[in-house]
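Some notes on the structure that comes next.
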Amino acid sequence: MEFFELINEHGHEQVVFWNEPSCGYRGIIAIHNTVLGPALGGTRFWQYNNDREAFIDALRLSRGMTYKAAVAGLNLGGGKSVIIGDNRATDREAIFRAHGRAVETLKGRYITAEDVGTSVDDMEFVAMETEHVTGRAAASGDPSPVTAYGVYRGIKAAAKHRFGSDDLSGRTITVQGVGHVGYYLCQNLAGEGARLVVTDIDAARVQKVVHDFGATAVGPDEIYAVEADVYAPSALGATINDDTLKVLKVQVVAGAANNVLAEERHGDELHRRGILYAPDYVINAGGLINVCGELNQWTPERSMRKAGEIYTTLLRLFELSEAEGLPTYQAADRLAEDRIQGVGALQRTWV
Ligand code: NAD
């Protein structure tokens with residue numbers, strides 16, 4: 001496909017290529033959709049096999065951000081940037097200031113943040129050239145508690161839909177990955193009396209949740225076969241795949257991880273089996289909500305409250321899925337598209 005065909009395929013608005021030979025900076029900023037607000041999305045620093053791969057990644061990731069913000073009820077659009085290169089580069093000031101200058105040319109149509117291969121320190125360099133950057137040191141801080149609270153509320157919504165009650169006391173919940181988000185998620189769940197079965201490749205992290213919340217530990221490969229009410233993937237992506245589906249014995253899949261489905265057909269399979277899947281980008285939107293709060297100077301309580309609304313969003317989504325016979329991952333896209341269309345329609349009137 002030609003470049004403009006690719007850009008047009010999912011209706012992207014704009015793609016910027018920026019080249020700074022003095023430091024070897026090669027950056028691509030993709031803006032998918034700004035109907036709801038400025039495009040927000042992090043900067044990925046990655047050694048792609050070729051430029052086309054980088055371009056397609058920027059298109060794919062920016063589109064994902066549009067959907068995530070739309071479903072979360074935020075007034076943000078979707079964008080993302082990629083910097084092509086080895087992310088272990090040590091001379092980072094020039095690269096990230098060059099990136100900041102590229103972002104600045106968009107005058108706020110795009111706001112960046114950290115992502116894979118970039119850090120809070122890199123964003124400080126970006127901020128020397130543009131104010132359109134979030135996730136800086138001394139800003140809204142660690143997003144994990146907000147993300148975890150959103151996931152907890154999402155699990156309650158899934159329980160309400162599947163079991164008729166959102167009370168999690170006595171429910172068995174498996175948590176894969178007890179890192180930043182997983183730890184706080186366990187805290188929320190244990191607080192309500194859920195029985196936790198956890199795993200992590202980091203033994204110290206497992207020990208901490210066993211000690212703090214009375215969780216039962218299992219090995220990393222054993223977690224999929226544990227019979228439970230809910231499986232909460234909170235480590236890696238693609239853990240719902242052909243292999244794990246063979247052994248999974250749960251009613252609900254709802255966790256913090258991104259890209260939970262190895263492929264969309266695995267979402268179809270969950271639907272066919274009656275396993276309720278809370279789509280990843282809906283249930284883990286707390287991180288984005290936290291950034292949005294930073295942009296709008298919300299109090300921490302307000303960001304937390306907004307993350308709590310994931311409960312009602314998911315209930316609506318599950319109802320739509322049931323009414324239309326759609327797998328939940330498709331219902332999520334529908335909710336996002338409906339909101340963008342609805343708000344976009346309002347903008348036809350001059351006020
Ligand atoms: P983290 O790195 O702090 O925690 C991940 C944990 O998973 C680590 O403790 C790691 O040891 C463990 N892990 C890695 N491979 C594993 C395996 N094979 N089996 C078991 N455990 C394994 O990351 P995090 O910030 O807690 O994020 C967790 C997930 O949630 C990621 O997929 C991330 O993309 C997603 N997410 C995070 C946020 C956020 O606010 N941090 C927001 C949205 C989505």
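FYI, nothing fancy with the structure tokens labels: chains A, B, ... in order, residues from 1 per chain, ligands from 1 as they appear.
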
Residues of chain A at most 9 Å from ligand 1: nearest atom pair and distance in Å, only C-alpha atoms and all ligand atoms, as JSON lines:
```
{"residue": "A:Asp142", "atom": "CA", "partner": "ligand 1", "partner_atom_place_in_ligand_line": "40 (O)", "distance": 7.2}
{"residue": "A:Pro143", "atom": "CA", "partner": "ligand 1", "partner_atom_place_in_ligand_line": "40 (O)", "distance": 4.4}
{"residue": "A:Ser144", "atom": "CA", "partner": "ligand 1", "partner_atom_place_in_ligand_line": "40 (O)", "distance": 4.0}
{"residue": "A:Pro145", "atom": "CA", "partner": "ligand 1", "partner_atom_place_in_ligand_line": "40 (O)", "distance": 7.3}
{"residue": "A:Val146", "atom": "CA", "partner": "ligand 1", "partner_atom_place_in_ligand_line": "40 (O)", "distance": 7.0}
{"residue": "A:Thr147", "atom": "CA", "partner": "ligand 1", "partner_atom_place_in_ligand_line": "40 (O)", "distance": 4.9}
{"residue": "A:Ala148", "atom": "CA", "partner": "ligand 1", "partner_atom_place_in_ligand_line": "40 (O)", "distance": 7.4}
{"residue": "A:Val175", "atom": "CA", "partner": "ligand 1", "partner_atom_place_in_ligand_line": "20 (C)", "distance": 8.8}
{"residue": "A:Gln176", "atom": "CA", "partner": "ligand 1", "partner_atom_place_in_ligand_line": "20 (C)", "distance": 5.2}
{"residue": "A:Gly177", "atom": "CA", "partner": "ligand 1", "partner_atom_place_in_ligand_line": "7 (O)", "distance": 3.7}
{"residue": "A:Val178", "atom": "CA", "partner": "ligand 1", "partner_atom_place_in_ligand_line": "9 (O)", "distance": 5.0}
{"residue": "A:Gly179", "atom": "CA", "partner": "ligand 1", "partner_atom_place_in_ligand_line": "4 (O)", "distance": 3.4}
{"residue": "A:His180", "atom": "CA", "partner": "ligand 1", "partner_atom_place_in_ligand_line": "26 (O)", "distance": 3.6}
{"residue": "A:Val181", "atom": "CA", "partner": "ligand 1", "partner_atom_place_in_ligand_line": "26 (O)", "distance": 3.7}
{"residue": "A:Gly182", "atom": "CA", "partner": "ligand 1", "partner_atom_place_in_ligand_line": "26 (O)", "distance": 5.5}
{"residue": "A:Tyr183", "atom": "CA", "partner": "ligand 1", "partner_atom_place_in_ligand_line": "26 (O)", "distance": 7.6}
{"residue": "A:Tyr184", "atom": "CA", "partner": "ligand 1", "partner_atom_place_in_ligand_line": "26 (O)", "distance": 8.9}
{"residue": "A:Val198", "atom": "CA", "partner": "ligand 1", "partner_atom_place_in_ligand_line": "20 (C)", "distance": 8.7}
{"residue": "A:Thr199", "atom": "CA", "partner": "ligand 1", "partner_atom_place_in_ligand_line": "20 (C)", "distance": 5.4}
{"residue": "A:Asp200", "atom": "CA", "partner": "ligand 1", "partner_atom_place_in_ligand_line": "21 (N)", "distance": 3.4}
{"residue": "A:Ile201", "atom": "CA", "partner": "ligand 1", "partner_atom_place_in_ligand_line": "21 (N)", "distance": 4.7}
{"residue": "A:Asp202", "atom": "CA", "partner": "ligand 1", "partner_atom_place_in_ligand_line": "11 (O)", "distance": 4.8}
{"residue": "A:Ala203", "atom": "CA", "partner": "ligand 1", "partner_atom_place_in_ligand_line": "11 (O)", "distance": 8.4}
{"residue": "A:Arg205", "atom": "CA", "partner": "ligand 1", "partner_atom_place_in_ligand_line": "9 (O)", "distance": 6.4}
{"residue": "A:Val206", "atom": "CA", "partner": "ligand 1", "partner_atom_place_in_ligand_line": "9 (O)", "distance": 8.3}
{"residue": "A:Gly219", "atom": "CA", "partner": "ligand 1", "partner_atom_place_in_ligand_line": "20 (C)", "distance": 8.2}
{"residue": "A:Pro220", "atom": "CA", "partner": "ligand 1", "partner_atom_place_in_ligand_line": "19 (N)", "distance": 4.7}
{"residue": "A:Asp221", "atom": "CA", "partner": "ligand 1", "partner_atom_place_in_ligand_line": "19 (N)", "distance": 7.4}
{"residue": "A:Ile223", "atom": "CA", "partner": "ligand 1", "partner_atom_place_in_ligand_line": "20 (C)", "distance": 8.6}
{"residue": "A:Pro233", "atom": "CA", "partner": "ligand 1", "partner_atom_place_in_ligand_line": "29 (C)", "distance": 7.7}
{"residue": "A:Ser234", "atom": "CA", "partner": "ligand 1", "partner_atom_place_in_ligand_line": "29 (C)", "distance": 4.5}
{"residue": "A:Ala235", "atom": "CA", "partner": "ligand 1", "partner_atom_place_in_ligand_line": "7 (O)", "distance": 3.7}
{"residue": "A:Leu236", "atom": "CA", "partner": "ligand 1", "partner_atom_place_in_ligand_line": "32 (O)", "distance": 4.8}
{"residue": "A:Gly237", "atom": "CA", "partner": "ligand 1", "partner_atom_place_in_ligand_line": "32 (O)", "distance": 6.0}
{"residue": "A:Gly255", "atom": "CA", "partner": "ligand 1", "partner_atom_place_in_ligand_line": "30 (O)", "distance": 7.7}
{"residue": "A:Ala256", "atom": "CA", "partner": "ligand 1", "partner_atom_place_in_ligand_line": "30 (O)", "distance": 4.3}
{"residue": "A:Ala257", "atom": "CA", "partner": "ligand 1", "partner_atom_place_in_ligand_line": "32 (O)", "distance": 3.4}
{"residue": "A:Asn258", "atom": "CA", "partner": "ligand 1", "partner_atom_place_in_ligand_line": "32 (O)", "distance": 4.7}
{"residue": "A:Asn259", "atom": "CA", "partner": "ligand 1", "partner_atom_place_in_ligand_line": "32 (O)", "distance": 7.7}
{"residue": "A:Val260", "atom": "CA", "partner": "ligand 1", "partner_atom_place_in_ligand_line": "32 (O)", "distance": 8.3}
{"residue": "A:Asp280", "atom": "CA", "partner": "ligand 1", "partner_atom_place_in_ligand_line": "44 (C)", "distance": 8.1}
{"residue": "A:Tyr281", "atom": "CA", "partner": "ligand 1", "partner_atom_place_in_ligand_line": "43 (C)", "distance": 7.8}
{"residue": "A:Ile283", "atom": "CA", "partner": "ligand 1", "partner_atom_place_in_ligand_line": "43 (C)", "distance": 8.6}
{"residue": "A:Asn284", "atom": "CA", "partner": "ligand 1", "partner_atom_place_in_ligand_line": "43 (C)", "distance": 4.8}
{"residue": "A:Ala285", "atom": "CA", "partner": "ligand 1", "partner_atom_place_in_ligand_line": "43 (C)", "distance": 6.1}
{"residue": "A:Gly286", "atom": "CA", "partner": "ligand 1", "partner_atom_place_in_ligand_line": "42 (C)", "distance": 6.4}
{"residue": "A:Gly287", "atom": "CA", "partner": "ligand 1", "partner_atom_place_in_ligand_line": "40 (O)", "distance": 4.3}
{"residue": "A:Leu288", "atom": "CA", "partner": "ligand 1", "partner_atom_place_in_ligand_line": "42 (C)", "distance": 7.2}
{"residue": "A:Asn290", "atom": "CA", "partner": "ligand 1", "partner_atom_place_in_ligand_line": "40 (O)", "distance": 8.4}
```

> Using only C-alpha atoms, which residues sit within 9 Å of stretch 244-246 of chain A once same-chain residues fewer than 6 positions away are excluded, as number ranges by chain?
Replying inline: A: 224-225, 266, 269-270

Restricting it to C-alpha atoms, dump the selection as a JSON list (two decimals), in the first residue's frame.
```
[["chain", "number", "residue", "atom", "x", "y", "z"],
["A", 224, "TYR", "CA", -3.58, -20.17, 33.57],
["A", 225, "ALA", "CA", -4.96, -23.50, 34.77],
["A", 266, "HIS", "CA", -9.17, -15.14, 20.63],
["A", 269, "GLU", "CA", -13.41, -17.53, 21.19],
["A", 270, "LEU", "CA", -13.88, -16.07, 24.70]]
```

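Counting from atom CA of A:Ala70, the distance to atom CA of A:Gln14 is 18.7 Å.
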
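Using only C-alpha atoms, the smallest distance between any of A:Met123, A:Cys292, A:Ala158, A:Ala204 and A:Gly37 comes from A:Cys292.
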
> Could you name the residues that touch A:Ala278 at 10 Å or less, counting only C-alpha atoms, but leaving out those on the same chain fewer than 6 positions away, as a PyMOL selection string?
Replying inline: chain A and resi 151+154-155+157-158+232+252-256+260+284+314-315+317-318+328-329+332

> Out of A:Gly308, A:Leu106, A:Gly274, A:Asp229, which residue has the shortest atom-to-atom distance to A:Glu322 when counting only C-alpha atoms?
Replying inline: A:Gly274

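The residue that comes closest to A:Gly64, out of A:Leu326, A:Val116, A:Val82, A:Val282 and on the basis of only C-alpha atoms, is A:Val282.
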
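Minimum distance to A:Thr90 across A:Glu114, A:Glu104, A:Asp122, A:Glu20 (counting only C-alpha atoms) occurs at A:Asp122.
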
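Shortest separation to A:Ala127 among A:Thr112, A:Thr349, A:Asn50, A:Gln330 occurs at residue A:Thr112, atoms counted being only C-alpha atoms.
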
Skipping near chain neighbours, those fewer than 4 positions away, what residues fall within 8 Å of stretch 164-173 of chain A using only C-alpha atoms, listed as a CSV table (one decimal) with N, CA, C and O atoms, in the first residue's frame?
```csv
chain,number,residue,atom,x,y,z
A,156,LYS,N,-15.3,-5.5,39.3
A,156,LYS,CA,-16.6,-5.4,40.0
A,156,LYS,C,-17.7,-5.4,39.0
A,156,LYS,O,-18.7,-6.1,39.1
A,157,ALA,N,-17.5,-4.6,37.9
A,157,ALA,CA,-18.6,-4.5,36.9
A,157,ALA,C,-18.7,-5.8,36.2
A,157,ALA,O,-19.9,-6.2,35.9
A,158,ALA,N,-17.6,-6.5,35.9
A,158,ALA,CA,-17.7,-7.8,35.2
A,158,ALA,C,-18.4,-8.8,36.1
A,158,ALA,O,-19.2,-9.6,35.7
A,159,ALA,N,-18.1,-8.7,37.4
A,159,ALA,CA,-18.8,-9.6,38.4
A,159,ALA,C,-20.3,-9.4,38.4
A,159,ALA,O,-21.1,-10.3,38.4
A,160,LYS,N,-20.6,-8.1,38.4
A,160,LYS,CA,-22.0,-7.7,38.5
A,160,LYS,C,-22.7,-8.3,37.2
A,160,LYS,O,-23.8,-8.9,37.3
A,189,LEU,N,-8.4,-5.6,46.0
A,189,LEU,CA,-9.2,-6.9,46.0
A,189,LEU,C,-9.2,-7.5,47.3
A,189,LEU,O,-10.3,-8.0,47.8
A,192,GLU,N,-11.6,-6.2,49.9
A,192,GLU,CA,-13.0,-6.6,49.8
A,192,GLU,C,-13.2,-8.1,50.1
A,192,GLU,O,-14.3,-8.6,49.9
A,193,GLY,N,-12.1,-8.7,50.5
A,193,GLY,CA,-12.3,-10.1,50.9
A,193,GLY,C,-12.2,-11.1,49.8
A,193,GLY,O,-12.6,-12.3,49.9
A,194,ALA,N,-11.6,-10.7,48.6
A,194,ALA,CA,-11.4,-11.7,47.6
A,194,ALA,C,-10.2,-12.7,47.9
A,194,ALA,O,-9.3,-12.3,48.7
A,195,ARG,N,-10.3,-13.9,47.4
A,195,ARG,CA,-9.2,-14.9,47.6
A,195,ARG,C,-8.3,-14.7,46.4
A,195,ARG,O,-8.7,-14.8,45.2
A,196,LEU,N,-7.0,-14.4,46.7
A,196,LEU,CA,-6.0,-14.1,45.6
A,196,LEU,C,-5.1,-15.3,45.4
A,196,LEU,O,-4.6,-15.9,46.3
A,197,VAL,N,-4.9,-15.6,44.1
A,197,VAL,CA,-3.9,-16.5,43.7
A,197,VAL,C,-3.0,-15.7,42.7
A,197,VAL,O,-3.5,-15.2,41.7
A,228,ALA,N,-10.8,-20.4,38.8
A,228,ALA,CA,-11.1,-19.2,39.5
A,228,ALA,C,-12.3,-18.5,38.9
A,228,ALA,O,-12.7,-18.9,37.8
A,229,ASP,N,-12.8,-17.5,39.6
A,229,ASP,CA,-13.9,-16.7,39.0
A,229,ASP,C,-13.3,-15.7,38.0
A,229,ASP,O,-13.9,-15.5,36.9
A,230,VAL,N,-12.2,-15.1,38.3
A,230,VAL,CA,-11.6,-14.0,37.5
A,230,VAL,C,-10.1,-14.2,37.2
A,230,VAL,O,-9.4,-14.6,38.2
A,231,TYR,N,-9.7,-14.0,36.0
A,231,TYR,CA,-8.2,-14.0,35.7
A,231,TYR,C,-7.9,-12.6,35.4
A,231,TYR,O,-8.5,-12.0,34.5
A,232,ALA,N,-6.9,-12.0,36.1
A,232,ALA,CA,-6.5,-10.6,35.9
A,232,ALA,C,-5.1,-10.5,35.4
A,232,ALA,O,-4.1,-10.4,36.1
```

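Distances to A:Lys68 were evaluated for A:Leu295, A:Ala262, A:Ala190, A:Ile310 using only C-alpha atoms, and the minimum falls at A:Ile310.
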
> Among stretch 218-295 of chain A, which ones does DSSP place in alpha helix (DSSP H), written as a PyMOL selection string?
Replying inline: chain A and resi 242-247+264-273+280-283+286-295

> Can you tell me, as number ranges by chain, what residues are no more than 12 Å from A:Gly85 when counting only C-alpha atoms, ignoring any on the same chain fewer than 2 positions away?
Replying inline: A: 23-28, 44-51, 54, 82-83, 87-90, 92, 95, 117-118

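Taking atom CA of A:Asn188 and atom CA of A:Tyr152 as endpoints, the distance between them is 6.6 Å.
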
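Taking atom CA of A:Glu129 as the reference point, atom CA of A:Glu294 is found at 19.2 Å.
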